[in-house]
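Containing PDB, C-alpha atoms: structure.pdb.
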ATOM      1  CA  MET A 107       4.569   7.514  -9.078
ATOM      2  CA  ASN A 108       2.741   8.333 -12.270
ATOM      3  CA  VAL A 109      -0.748   6.923 -12.758
ATOM      4  CA  ARG A 110      -2.166   6.925 -16.292
ATOM      5  CA  THR A 111      -5.540   5.659 -17.399
ATOM      6  CA  LYS A 112      -7.159   4.640 -20.655
ATOM      7  CA  MET A 113     -10.687   3.436 -21.401
ATOM      8  CA  HIS A 114     -10.940   0.905 -24.206
ATOM      9  CA  GLN A 115     -13.962  -1.245 -25.099
ATOM     10  CA  GLY A 116     -15.428  -1.268 -21.619
ATOM     11  CA  THR A 117     -12.128  -1.904 -19.896
ATOM     12  CA  LEU A 118     -10.368   0.641 -17.704
ATOM     13  CA  TYR A 119      -6.588   0.345 -18.075
ATOM     14  CA  ILE A 120      -4.545   1.851 -15.266
ATOM     15  CA  SER A 121      -0.802   2.037 -15.771
ATOM     16  CA  LEU A 122       1.543   2.480 -12.787
ATOM     17  CA  ASP A 123       4.836   4.126 -13.668
ATOM     18  CA  GLY A 124       7.346   4.378 -10.827
ATOM     19  CA  GLU A 125       7.959   2.691  -7.475
ATOM     20  CA  LEU A 126       5.210   1.414  -5.192
ATOM     21  CA  ASP A 127       6.360   1.366  -1.575
ATOM     22  CA  HIS A 128       5.157   2.740   1.759
ATOM     23  CA  HIS A 129       6.220   6.241   0.739
ATOM     24  CA  THR A 130       4.217   6.305  -2.503
ATOM     25  CA  ALA A 131       1.332   4.118  -1.258
ATOM     26  CA  GLU A 132      -0.964   6.881  -0.067
ATOM     27  CA  PHE A 133      -0.701   8.849  -3.303
ATOM     28  CA  THR A 134      -1.121   5.716  -5.425
ATOM     29  CA  ARG A 135      -4.124   4.599  -3.382
ATOM     30  CA  GLY A 136      -5.747   7.999  -3.828
ATOM     31  CA  GLN A 137      -5.141   7.991  -7.569
ATOM     32  CA  LEU A 138      -6.479   4.451  -8.015
ATOM     33  CA  ASP A 139      -9.581   5.206  -5.961
ATOM     34  CA  HIS A 140     -10.193   8.412  -7.875
ATOM     35  CA  HIS A 141     -10.186   6.589 -11.205
ATOM     36  CA  MET A 142     -11.985   3.463 -10.015
ATOM     37  CA  VAL A 143     -14.825   5.122  -8.137
ATOM     38  CA  GLN A 144     -16.082   7.020 -11.144
ATOM     39  CA  THR A 145     -15.567   4.284 -13.702
ATOM     40  CA  ARG A 146     -18.348   2.672 -15.717
ATOM     41  CA  ALA A 147     -15.975  -0.009 -16.948
ATOM     42  CA  GLY A 148     -16.953  -3.636 -16.677
ATOM     43  CA  GLN A 149     -13.441  -4.598 -15.694
ATOM     44  CA  ILE A 150     -10.167  -2.990 -14.679
ATOM     45  CA  ILE A 151      -6.675  -3.966 -15.760
ATOM     46  CA  ILE A 152      -3.754  -2.616 -13.734
ATOM     47  CA  ASP A 153      -0.710  -2.565 -15.986
ATOM     48  CA  LEU A 154       2.577  -2.979 -14.121
ATOM     49  CA  ALA A 155       4.900  -2.901 -17.140
ATOM     50  CA  ASN A 156       6.452   0.384 -15.964
ATOM     51  CA  LEU A 157       6.474  -0.411 -12.250
ATOM     52  CA  LYS A 158      10.137  -0.375 -11.298
ATOM     53  CA  PHE A 159       9.767  -1.550  -7.722
ATOM     54  CA  MET A 160       7.133  -2.989  -5.420
ATOM     55  CA  ASP A 161       7.241  -4.463  -1.923
ATOM     56  CA  SER A 162       4.547  -5.920   0.356
ATOM     57  CA  THR A 163       3.051  -2.469   0.889
ATOM     58  CA  GLY A 164       1.919  -2.726  -2.733
ATOM     59  CA  ILE A 165       0.028  -5.927  -1.896
ATOM     60  CA  GLY A 166      -1.882  -4.030   0.780
ATOM     61  CA  VAL A 167      -2.758  -1.311  -1.741
ATOM     62  CA  LEU A 168      -3.985  -3.860  -4.321
ATOM     63  CA  ILE A 169      -6.023  -5.910  -1.823
ATOM     64  CA  GLY A 170      -7.617  -2.693  -0.566
ATOM     65  CA  ARG A 171      -8.705  -1.769  -4.109
ATOM     66  CA  TYR A 172     -10.032  -5.297  -4.668
ATOM     67  CA  LYS A 173     -12.231  -5.006  -1.571
ATOM     68  CA  LYS A 174     -13.619  -1.674  -2.766
ATOM     69  CA  MET A 175     -14.497  -2.882  -6.259
ATOM     70  CA  ARG A 176     -15.750  -6.318  -5.160
ATOM     71  CA  ASP A 177     -18.965  -4.748  -3.847
ATOM     72  CA  ARG A 178     -19.553  -3.249  -7.292
ATOM     73  CA  ASN A 179     -18.810  -6.498  -9.090
ATOM     74  CA  VAL A 180     -16.005  -4.978 -11.133
ATOM     75  CA  PRO A 181     -13.162  -7.499 -11.451
ATOM     76  CA  ILE A 182      -9.554  -6.268 -11.393
ATOM     77  CA  TYR A 183      -6.702  -7.960 -13.247
ATOM     78  CA  VAL A 184      -2.976  -7.282 -13.170
ATOM     79  CA  ALA A 185      -0.869  -7.251 -16.316
ATOM     80  CA  ASN A 186       2.859  -7.380 -17.046
ATOM     81  CA  PRO A 187       4.272  -7.839 -13.530
ATOM     82  CA  SER A 188       8.061  -7.982 -13.153
ATOM     83  CA  SER A 189       9.445 -11.324 -11.989
ATOM     84  CA  GLN A 190       9.983  -9.761  -8.551
ATOM     85  CA  ALA A 191       6.372  -8.520  -8.342
ATOM     86  CA  GLU A 192       5.147 -11.875  -9.578
ATOM     87  CA  ARG A 193       6.951 -13.701  -6.782
ATOM     88  CA  ILE A 194       5.267 -11.467  -4.203
ATOM     89  CA  PHE A 195       1.883 -12.040  -5.877
ATOM     90  CA  LYS A 196       2.318 -15.808  -5.758
ATOM     91  CA  MET A 197       3.613 -15.732  -2.188
ATOM     92  CA  THR A 198       0.598 -13.747  -0.999
ATOM     93  CA  GLY A 199      -2.026 -15.461  -3.132
ATOM     94  CA  LEU A 200      -2.961 -12.177  -4.794
ATOM     95  CA  TYR A 201      -3.734 -13.912  -8.081
ATOM     96  CA  SER A 202      -6.660 -15.735  -6.447
ATOM     97  CA  ILE A 203      -8.529 -12.429  -6.119
ATOM     98  CA  MET A 204      -6.811 -10.410  -8.836
ATOM     99  CA  PRO A 205      -5.866 -12.782 -11.668
ATOM    100  CA  LYS A 206      -3.150 -12.122 -14.191
ATOM    101  CA  ALA A 207      -4.484 -10.642 -17.440
ATOM    102  CA  ASN A 208      -3.619 -12.475 -20.622
TER     103      ASN A 208
ATOM    104  CA  MET B 181      20.245 -25.843   8.255
ATOM    105  CA  THR B 182      21.912 -22.462   7.965
ATOM    106  CA  LYS B 183      25.354 -21.897   6.568
ATOM    107  CA  LYS B 184      27.981 -20.801   9.086
ATOM    108  CA  LEU B 185      30.235 -17.861   8.439
ATOM    109  CA  ILE B 186      33.880 -18.708   8.567
ATOM    110  CA  ALA B 187      35.490 -15.700   6.910
ATOM    111  CA  ASP B 188      35.846 -12.095   7.975
ATOM    112  CA  PRO B 189      33.975  -9.534   5.921
ATOM    113  CA  ILE B 190      35.820  -8.125   2.924
ATOM    114  CA  ASN B 191      33.953  -4.822   3.008
ATOM    115  CA  ALA B 192      31.524  -3.031   5.281
ATOM    116  CA  MET B 193      29.209  -0.020   5.320
ATOM    117  CA  ARG B 194      27.098   1.813   7.873
ATOM    118  CA  LEU B 195      24.281   4.212   7.124
ATOM    119  CA  GLU B 196      22.168   6.134   9.602
ATOM    120  CA  LEU B 197      19.087   7.874   8.292
ATOM    121  CA  SER B 198      16.074   9.577   9.783
ATOM    122  CA  ALA B 199      12.995   7.390   9.973
ATOM    123  CA  GLN B 200      11.006   8.983   7.188
ATOM    124  CA  SER B 201       9.274   7.149   4.376
ATOM    125  CA  ILE B 202      11.040   9.236   1.740
ATOM    126  CA  ASN B 203      14.268   7.456   2.801
ATOM    127  CA  GLU B 204      12.940   3.963   1.987
ATOM    128  CA  SER B 205      13.998   4.236  -1.637
ATOM    129  CA  PHE B 206      17.360   5.742  -0.674
ATOM    130  CA  ALA B 207      18.033   2.911   1.807
ATOM    131  CA  ARG B 208      17.275   0.015  -0.541
ATOM    132  CA  THR B 209      19.089   1.608  -3.477
ATOM    133  CA  THR B 210      22.198   2.277  -1.372
ATOM    134  CA  VAL B 211      22.429  -1.274  -0.034
ATOM    135  CA  ALA B 212      21.826  -2.654  -3.532
ATOM    136  CA  ALA B 213      24.646  -0.486  -4.894
ATOM    137  CA  PHE B 214      26.957  -1.756  -2.151
ATOM    138  CA  ALA B 215      25.979  -5.383  -2.868
ATOM    139  CA  SER B 216      26.678  -4.888  -6.571
ATOM    140  CA  GLN B 217      30.408  -5.042  -5.778
ATOM    141  CA  LEU B 218      29.937  -8.815  -5.626
ATOM    142  CA  ASP B 219      28.495  -8.813  -9.141
ATOM    143  CA  PRO B 220      25.174 -10.419  -8.196
ATOM    144  CA  THR B 221      22.428 -11.255 -10.690
ATOM    145  CA  LEU B 222      19.619  -8.767 -11.294
ATOM    146  CA  ASP B 223      17.233 -11.062  -9.412
ATOM    147  CA  GLU B 224      19.569 -11.158  -6.423
ATOM    148  CA  ILE B 225      19.813  -7.357  -6.414
ATOM    149  CA  ASN B 226      16.017  -7.098  -6.534
ATOM    150  CA  ASP B 227      15.698  -9.578  -3.670
ATOM    151  CA  ILE B 228      18.033  -7.452  -1.537
ATOM    152  CA  LYS B 229      16.230  -4.227  -2.466
ATOM    153  CA  THR B 230      12.885  -5.694  -1.531
ATOM    154  CA  ALA B 231      14.056  -7.178   1.773
ATOM    155  CA  VAL B 232      15.728  -3.907   2.833
ATOM    156  CA  SER B 233      12.599  -1.990   1.873
ATOM    157  CA  GLU B 234      10.487  -4.285   4.059
ATOM    158  CA  ALA B 235      12.801  -3.958   7.053
ATOM    159  CA  VAL B 236      13.072  -0.161   6.809
ATOM    160  CA  THR B 237       9.311   0.209   6.288
ATOM    161  CA  ASN B 238       8.670  -1.916   9.382
ATOM    162  CA  ALA B 239      10.876   0.386  11.436
ATOM    163  CA  ILE B 240       9.147   3.515  10.145
ATOM    164  CA  VAL B 241       5.583   2.205  10.415
ATOM    165  CA  HIS B 242       5.797   0.156  13.612
ATOM    166  CA  ALA B 243       8.877   1.078  15.651
ATOM    167  CA  TYR B 244       8.378   4.816  15.572
ATOM    168  CA  GLY B 245       4.892   5.216  14.110
ATOM    169  CA  GLU B 246       3.181   5.959  17.394
ATOM    170  CA  GLY B 247       6.264   7.260  19.155
ATOM    171  CA  ILE B 248       6.519  10.228  16.830
ATOM    172  CA  ILE B 249       2.944  11.244  17.615
ATOM    173  CA  LYS B 250       3.572  10.884  21.353
ATOM    174  CA  LEU B 251       6.703  12.991  21.134
ATOM    175  CA  LYS B 252       4.711  15.792  19.567
ATOM    176  CA  GLY B 253       2.242  15.752  22.465
ATOM    177  CA  VAL B 254       4.928  16.068  25.130
ATOM    178  CA  HIS B 255       6.791  19.261  25.801
ATOM    179  CA  LEU B 256      10.463  18.496  25.388
ATOM    180  CA  PRO B 257      13.337  20.938  25.735
ATOM    181  CA  SER B 258      14.504  21.504  22.192
ATOM    182  CA  THR B 259      17.935  20.036  22.924
ATOM    183  CA  ASP B 260      16.333  16.730  23.961
ATOM    184  CA  TYR B 261      14.557  16.274  20.702
ATOM    185  CA  THR B 262      16.281  14.198  18.098
ATOM    186  CA  MET B 263      14.598  12.765  15.066
ATOM    187  CA  PRO B 264      14.372   8.980  15.348
ATOM    188  CA  THR B 265      16.829   7.182  13.131
ATOM    189  CA  ILE B 266      17.379   3.800  11.562
ATOM    190  CA  VAL B 267      20.852   2.304  11.242
ATOM    191  CA  ILE B 268      21.657   0.037   8.326
ATOM    192  CA  GLU B 269      24.880  -1.946   8.395
ATOM    193  CA  ALA B 270      26.022  -4.278   5.667
ATOM    194  CA  GLU B 271      28.992  -6.591   5.375
ATOM    195  CA  LEU B 272      30.209  -8.273   2.232
ATOM    196  CA  PHE B 273      31.707 -11.730   2.286
ATOM    197  CA  ASN B 274      33.100 -13.648  -0.661
ATOM    198  CA  ASP B 275      29.817 -15.411  -1.252
ATOM    199  CA  SER B 276      27.212 -13.312   0.546
ATOM    200  CA  ILE B 277      25.994 -10.071   2.059
ATOM    201  CA  ARG B 278      24.805  -9.687   5.635
ATOM    202  CA  ILE B 279      22.506  -6.764   6.367
ATOM    203  CA  LYS B 280      21.485  -5.423   9.760
ATOM    204  CA  VAL B 281      18.621  -2.948  10.186
ATOM    205  CA  THR B 282      18.351  -1.461  13.672
ATOM    206  CA  ASP B 283      15.867   0.918  15.231
ATOM    207  CA  LYS B 284      15.477   2.246  18.750
ATOM    208  CA  GLY B 285      11.696   2.148  18.663
ATOM    209  CA  LYS B 286       9.028   0.469  20.735
ATOM    210  CA  GLY B 287      10.106  -3.098  19.972
ATOM    211  CA  ILE B 288       8.062  -6.165  19.089
ATOM    212  CA  ASN B 289       6.205  -7.882  21.928
ATOM    213  CA  ASP B 290       5.655 -11.213  20.221
ATOM    214  CA  ILE B 291       8.152 -11.847  17.426
ATOM    215  CA  GLU B 292       6.697 -15.220  16.488
ATOM    216  CA  GLN B 293       3.256 -13.700  16.016
ATOM    217  CA  ALA B 294       4.667 -10.699  14.142
ATOM    218  CA  MET B 295       6.330 -13.048  11.656
ATOM    219  CA  GLN B 296       3.142 -14.955  10.818
ATOM    220  CA  PRO B 297       2.003 -14.359   7.238
ATOM    221  CA  PHE B 298      -0.787 -11.773   7.024
ATOM    222  CA  HIS B 299      -0.350 -10.742  10.651
ATOM    223  CA  THR B 300      -0.741  -6.996  10.927
ATOM    224  CA  THR B 301      -1.443  -4.632  13.776
ATOM    225  CA  LYS B 302      -2.546  -1.990  11.287
ATOM    226  CA  PRO B 303      -5.260  -3.469   9.023
ATOM    227  CA  GLU B 304      -6.967  -0.046   8.853
ATOM    228  CA  GLU B 305      -3.885   1.257   7.027
ATOM    229  CA  GLU B 306      -4.165  -1.590   4.511
ATOM    230  CA  ARG B 307      -0.885  -3.141   5.656
ATOM    231  CA  SER B 308      -0.592  -6.606   4.124
ATOM    232  CA  GLY B 309       1.208  -8.228   7.042
ATOM    233  CA  MET B 310       3.604  -9.893   4.619
ATOM    234  CA  GLY B 311       6.804  -7.963   5.355
ATOM    235  CA  PHE B 312       8.600 -10.686   7.317
ATOM    236  CA  THR B 313       7.366 -13.376   4.924
ATOM    237  CA  VAL B 314       8.853 -11.459   1.994
ATOM    238  CA  MET B 315      12.158 -10.962   3.865
ATOM    239  CA  GLN B 316      12.268 -14.665   4.707
ATOM    240  CA  SER B 317      11.666 -15.853   1.183
ATOM    241  CA  PHE B 318      13.880 -13.299  -0.577
ATOM    242  CA  MET B 319      16.848 -13.768   1.784
ATOM    243  CA  ASP B 320      18.571 -16.946   3.000
ATOM    244  CA  ASN B 321      18.787 -16.218   6.728
ATOM    245  CA  LEU B 322      16.615 -13.938   8.826
ATOM    246  CA  ASN B 323      16.991 -13.197  12.499
ATOM    247  CA  VAL B 324      14.851 -10.793  14.498
ATOM    248  CA  SER B 325      15.781  -9.626  17.967
ATOM    249  CA  SER B 326      13.753  -7.096  19.870
ATOM    250  CA  ARG B 327      13.309  -5.620  23.333
ATOM    251  CA  PRO B 328      10.200  -3.648  24.317
ATOM    252  CA  ASN B 329      10.928   0.090  24.327
ATOM    253  CA  LYS B 330      14.568  -0.538  23.371
ATOM    254  CA  GLY B 331      14.259  -1.385  19.712
ATOM    255  CA  THR B 332      14.524  -4.060  17.093
ATOM    256  CA  THR B 333      17.364  -5.463  15.016
ATOM    257  CA  ILE B 334      16.733  -7.449  11.875
ATOM    258  CA  THR B 335      19.717  -9.389  10.555
ATOM    259  CA  MET B 336      19.476 -11.049   7.190
ATOM    260  CA  GLN B 337      21.887 -12.708   4.831
ATOM    261  CA  LYS B 338      21.842 -13.457   1.158
ATOM    262  CA  PHE B 339      24.145 -15.953  -0.516
ATOM    263  CA  PHE B 340      24.965 -15.338  -4.149
ATOM    264  CA  VAL B 341      24.689 -18.027  -6.754
ATOM    265  CA  LYS B 342      28.129 -17.387  -8.183
ATOM    266  CA  ASN B 343      30.991 -17.590  -5.734
ATOM    267  CA  SER B 344      32.360 -14.299  -7.022
ATOM    268  CA  THR B 345      35.092 -12.053  -5.753
ATOM    269  CA  PRO B 346      34.896  -8.262  -5.745
ATOM    270  CA  LYS B 347      35.483  -6.677  -9.133
ATOM    271  CA  GLU B 348      38.617  -4.881  -7.950
ATOM    272  CA  ASN B 349      40.235  -8.157  -6.926
ATOM    273  CA  ALA B 350      39.202 -10.081  -9.988
ATOM    274  CA  VAL B 351      42.037 -11.508 -12.062
TER     275      VAL B 351
END
Step by step, read the file and then write its structure as structure tokens.
Amino acid sequence: MNVRTKMHQGTLYISLDGELDHHTAEFTRGQLDHHMVQTRAGQIIIDLANLKFMDSTGIGVLIGRYKKMRDRNVPIYVANPSSQAERIFKMTGLYSIMPKAN
Amino acid sequence: MTKKLIADPINAMRLELSAQSINESFARTTVAAFASQLDPTLDEINDIKTAVSEAVTNAIVHAYGEGIIKLKGVHLPSTDYTMPTIVIEAELFNDSIRIKVTDKGKGINDIEQAMQPFHTTKPEEERSGMGFTVMQSFMDNLNVSSRPNKGTTITMQKFFVKNSTPKENAV
């Protein structure tokens, strides 16, 4: 898993490149927390365009990050999910806490 | 209403791997490659990959998760120690694939409860509790059988949209 970030006009963009499963979850979680904790961004967009695979472990990782940033009032959005990721998001109701970015 | 199998499988595979998270990707990719003999759609392949990943992750996280720690605390003669494994069997039929994921772990006490959406015994590890729900919605049939301290077998089947025959037999 490769985690890249970019700050643009008050938004923190985090791009996930690779596969998000139970094996890569701990590393991904650590990377996301590292970038999110120190951010001064008003919002965060997690870009999934280069995410090649995700299962329900990924939902746990995303919900965990939502809970952390909720206390700081920094909303998180997801962008460019694959059709497979999107089905899992809809199934789990993830979009109700982490809406899809336009 | 579930479809009944009437034909014998046209191909079969069996894979035994040690219950380590690094093997999750290997397991789902291998089964997907096997299923590709039936020329499924990309969505169908992704459904199979995801369902296998969920089943294998369950075995690693729940079946053996605590057992591995216990084993380390007990002095065992070196010959008695074997790394826990997961067995994946798959059978191809003309119109479907049937996949069986078996572990010899601690088993599931209450299968009905375990299959409830968002049910997790490990919220502190940020588990979503959606593994069985994902397997159920990505596959067509799902059966879970388990015995405490004996292990768990997950059997799932996916029917393909096209009633295709293996590439080798195609005319």
| request: Run the ChimeraX specification (/B :<10) & /A on the file and write out the hits as a PyMOL selection string. | output: chain A and resi 125-132+159-171+189-191+193-194+197-198
| request: Using only C-alpha atoms, find the one residue out of B:Pro220, B:Gly287, B:Gly331, B:Pro189 that sits nearest to Glu271 of chain B. | output: B:Pro189
| said: Calculated over all atoms listed in the file, which of the candidates B:Ala294, B:Ala215, B:Val324, B:Leu195 has the smallest distance to Phe340 of chain B? | reply: B:Ala215
| request: Could you check which of A:Met113, A:Leu118, A:Gly148, A:Asn108 is closest to Gly136 of chain A, using all atoms listed in the file? | output: A:Asn108
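Put simply, atom CA of Leu222 of chain B is 23.7 Å away from atom CA of Leu200 of chain A.
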| query | So what do you get for atom CA of Thr335 of chain B versus atom CA of Leu157 of chain A, distance-wise? | reply | 27.9 Å
| Explicit residues for the PyMOL selection byres ((chain B and resi 329) around 7) (as a ChimeraX atom specification) | /B:285-287,327-328,330-331
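Within the file as shown, the PyMOL selection byres ((chain A and resi 115) around 12) identifies Lys112, Met113, His114, Gly116, Thr117, Leu118, Tyr119, Arg146, Ala147, Gly148, Gln149 and Ile150 of chain A.
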Using the selection just defined, write its residues with C-alpha atoms as a PDB file, in the coordinates of the input.
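And here is the file that came out, out-v2.pdb:
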ATOM      1  CA  LYS A 112      -7.159   4.640 -20.655  1.00  0.00           C
ATOM      2  CA  MET A 113     -10.687   3.436 -21.401  1.00  0.00           C
ATOM      3  CA  HIS A 114     -10.940   0.905 -24.206  1.00  0.00           C
ATOM      4  CA  GLY A 116     -15.428  -1.268 -21.619  1.00  0.00           C
ATOM      5  CA  THR A 117     -12.128  -1.904 -19.896  1.00  0.00           C
ATOM      6  CA  LEU A 118     -10.368   0.641 -17.704  1.00  0.00           C
ATOM      7  CA  TYR A 119      -6.588   0.345 -18.075  1.00  0.00           C
ATOM      8  CA  ARG A 146     -18.348   2.672 -15.717  1.00  0.00           C
ATOM      9  CA  ALA A 147     -15.975  -0.009 -16.948  1.00  0.00           C
ATOM     10  CA  GLY A 148     -16.953  -3.636 -16.677  1.00  0.00           C
ATOM     11  CA  GLN A 149     -13.441  -4.598 -15.694  1.00  0.00           C
ATOM     12  CA  ILE A 150     -10.167  -2.990 -14.679  1.00  0.00           C
TER      13      ILE A 150
END
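We find atom CA of Thr300 of chain B and atom CA of Ala199 of chain B to be spaced 19.9 Å apart.
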Write out as JSON an axis-aligned box for segment 326-334 of chain B: all of its atoms listed in the file, 6 Å added on each side, centre and edge lengths in Å with one decimal.
{"center_x": 13.8, "center_y": -3.7, "center_z": 18.1, "size_x": 19.2, "size_y": 19.5, "size_z": 24.5}
| message | Here's a test: counting all atoms listed in the file, identify every protein, DNA and RNA residue with an atom at most 8 Å from (19.0, -16.5, 12.1) in the file's coordinate frame, and state them as an NGL selection string. | response | :B and (182 or 321-324 or 335-336)
Could you write out the selected residues, including C-alpha atoms, as an mmCIF file, keeping the file's coordinate frame?
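The resulting file, part-v9.cif, is shown below:
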data_model
loop_
_atom_site.group_PDB
_atom_site.id
_atom_site.type_symbol
_atom_site.label_atom_id
_atom_site.label_comp_id
_atom_site.auth_asym_id
_atom_site.auth_seq_id
_atom_site.Cartn_x
_atom_site.Cartn_y
_atom_site.Cartn_z
ATOM 1 C CA THR B 182 21.912 -22.462 7.965
ATOM 2 C CA ASN B 321 18.787 -16.218 6.728
ATOM 3 C CA LEU B 322 16.615 -13.938 8.826
ATOM 4 C CA ASN B 323 16.991 -13.197 12.499
ATOM 5 C CA VAL B 324 14.851 -10.793 14.498
ATOM 6 C CA THR B 335 19.717 -9.389 10.555
ATOM 7 C CA MET B 336 19.476 -11.049 7.190
#
| task | Identify which of the residues A:Ile152, A:Leu138, A:Met107, A:Arg178 lies closest to Lys206 of chain A, counting only C-alpha atoms when measuring atom-to-atom distances. | result | A:Ile152
